[in-house]
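Scroll down for the structure; my scribbles are underneath it.
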Amino acid sequence: MFSGIITDVGRVRRLHRAAGEAGGLEATIATAYDSAAIPLGASIACSGPCLTVVAVEPGAFSVQASAETLACSTLADWAPGTPVNLERSLRLGDELGGHIVSGHVDGVARLLDRRTEGESVRFVIEAPAALMPYIASKGSVALDGVSLTVNEVADGHFGVNIIPYTLAHTSLGDAKPGRRMNLEIDPLARYVARLLSARPTEQTSP
């Protein structure tokens, strides 16, 4: 479980792709985290997806992503040097500074427009049509692992404001129109929709 508050921006150090369509990916990510303190099997959110640490080395850790994760996220776009938003999993008693983030990416969104508004930057995001019903004004989403508040929702897209601190301390600062981004909807919206769809149809007396 995560909160969408990024604590380091790592860089892909190297990649190993398994052969075949069903093959996955192993990525080694350079980080400012103390790698000696990262246990094998730890969960780290890497630009959205929750990945398992399989190896550590000085200044870096390695994670594996399955073919399913590659198909549902932007991890297949990674190359050496790609910036990666990092967040360690929450511990009991940690501050929930953003919102509840599971690290299970729902789909890939696309940055349509970027424009300055005062000291902030407005992103206009195109989301998959199947996910738009779960996105609400003043609700929460995670983009590339970053917890953000939705400002407005329109047909097929939504807007978020990025404050200077977030621009400076995540990979969103360098995002340009056309960039693909990992999108996770608010888990609460998913559960509410599931409950409503499972509610039995009311019967009326003849």
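How things are named: the first chain in the structure tokens is A, the next is B, and so on; residues count from 1 in each chain; ligands count from 1 in the order shown.
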
Practice prompt. Give me the residues within 12 Å of A:Ala189 as a ChimeraX atom specification, counting only C-alpha atoms and dropping any in the same chain fewer than 4 places off.
Written response: /A:100-101,131-136,139-141,184-185,193-196

Worksheet entry | Every residue of stretch 63-198 of chain A that DSSP places in strand (DSSP E), as number ranges by chain | A: 63-65, 83-88, 107-117, 120-126, 140-143, 146-154, 157-162, 180-185

Item to complete: Pick out the residues sitting within 7 Å of A:Ala60, and hand them over as a list in words; count only C-alpha atoms, and ignore anything fewer than 6 positions along from it in its own chain.
Response: Thr28, Ile29, Ala30, Thr31 and Ser35 of chain A

With N, CA, C and O atoms retained, could you export that selection as a compact mmCIF listing (two decimals), in the first residue's frame?
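Below is the file result.txt, written as the result:
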# COMPACT_ATOMS: atom_id res chain seq x y z
N THR A 28 17.13 -2.73 -13.25
CA THR A 28 17.94 -2.26 -12.14
C THR A 28 17.85 -0.75 -12.11
O THR A 28 18.09 -0.09 -13.12
N ILE A 29 17.45 -0.23 -10.94
CA ILE A 29 17.15 1.20 -10.81
C ILE A 29 18.10 1.83 -9.81
O ILE A 29 18.17 1.41 -8.64
N ALA A 30 18.85 2.83 -10.26
CA ALA A 30 19.72 3.58 -9.36
C ALA A 30 18.87 4.48 -8.48
O ALA A 30 17.89 5.08 -8.94
N THR A 31 19.23 4.58 -7.20
CA THR A 31 18.40 5.32 -6.25
C THR A 31 19.24 5.96 -5.16
O THR A 31 20.38 5.52 -4.88
N SER A 35 20.42 1.27 -0.30
CA SER A 35 20.07 -0.03 -0.87
C SER A 35 20.35 -1.17 0.09
O SER A 35 19.68 -2.21 0.05

Discussion item. I need the residues of stretch 38-180 of chain A that end up classed as helix (DSSP H, G or I) by DSSP on the backbone, written out as a list in words.
Written reply: Ala67, Glu68, Thr69, Leu70, Ala71, Cys72, Leu75, Ala76, Asp77, Met132, Pro133, Tyr134, Pro164, Tyr165, Thr166, Leu167, Ala168, His169, Ser171, Leu172, Gly173 and Asp174 of chain A

Practice prompt. Please provide the set of residues having any atom within 7 Å of A:Ile44, restricted to only C-alpha atoms, with same-chain residues fewer than 2 positions apart removed, written as number ranges by chain.
Written response: A: 42, 46, 50-52, 86-89

Contact check, stretch 60-124 of chain A to stretch 152-161 of chain A, at most 6 Å, counting only C-alpha atoms, closest pairs as a tab-separated table:
residue	atom	partner	partner_atom	distance
A:Val121	CA	A:Asn161	CA	5.6
A:Arg122	CA	A:Asn161	CA	4.5
A:Phe123	CA	A:Val160	CA	5.4
A:Val124	CA	A:Gly159	CA	4.5

Residue subset to file, keeping N, CA, C and O atoms, as a PDB file, in the first residue's frame:
ATOM      1  N   VAL A 121       1.323  24.300 -13.004  1.00  0.00           N
ATOM      2  CA  VAL A 121       1.189  23.869 -14.400  1.00  0.00           C
ATOM      3  C   VAL A 121      -0.048  22.997 -14.513  1.00  0.00           C
ATOM      4  O   VAL A 121      -0.246  22.088 -13.689  1.00  0.00           O
ATOM      5  N   ARG A 122      -0.894  23.288 -15.488  1.00  0.00           N
ATOM      6  CA  ARG A 122      -2.101  22.492 -15.714  1.00  0.00           C
ATOM      7  C   ARG A 122      -1.794  21.410 -16.749  1.00  0.00           C
ATOM      8  O   ARG A 122      -1.316  21.688 -17.840  1.00  0.00           O
ATOM      9  N   PHE A 123      -2.070  20.149 -16.373  1.00  0.00           N
ATOM     10  CA  PHE A 123      -1.984  19.020 -17.286  1.00  0.00           C
ATOM     11  C   PHE A 123      -3.395  18.646 -17.710  1.00  0.00           C
ATOM     12  O   PHE A 123      -4.291  18.537 -16.867  1.00  0.00           O
ATOM     13  N   VAL A 124      -3.584  18.448 -18.996  1.00  0.00           N
ATOM     14  CA  VAL A 124      -4.830  17.877 -19.512  1.00  0.00           C
ATOM     15  C   VAL A 124      -4.511  16.453 -19.943  1.00  0.00           C
ATOM     16  O   VAL A 124      -3.629  16.231 -20.782  1.00  0.00           O
TER      17      VAL A 124
END

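The list of residues with at least one atom within 7 Å of A:Thr74, based on only C-alpha atoms and without residues fewer than 3 positions apart in the same chain, reads Leu70, Asp77, Val108, Arg180, Met181 and Asn182 of chain A.
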
Discussion item. One number please: atom CA of A:Ser197 to atom CA of A:Asp144, in Å, one decimal.
Written reply: 28.6 Å
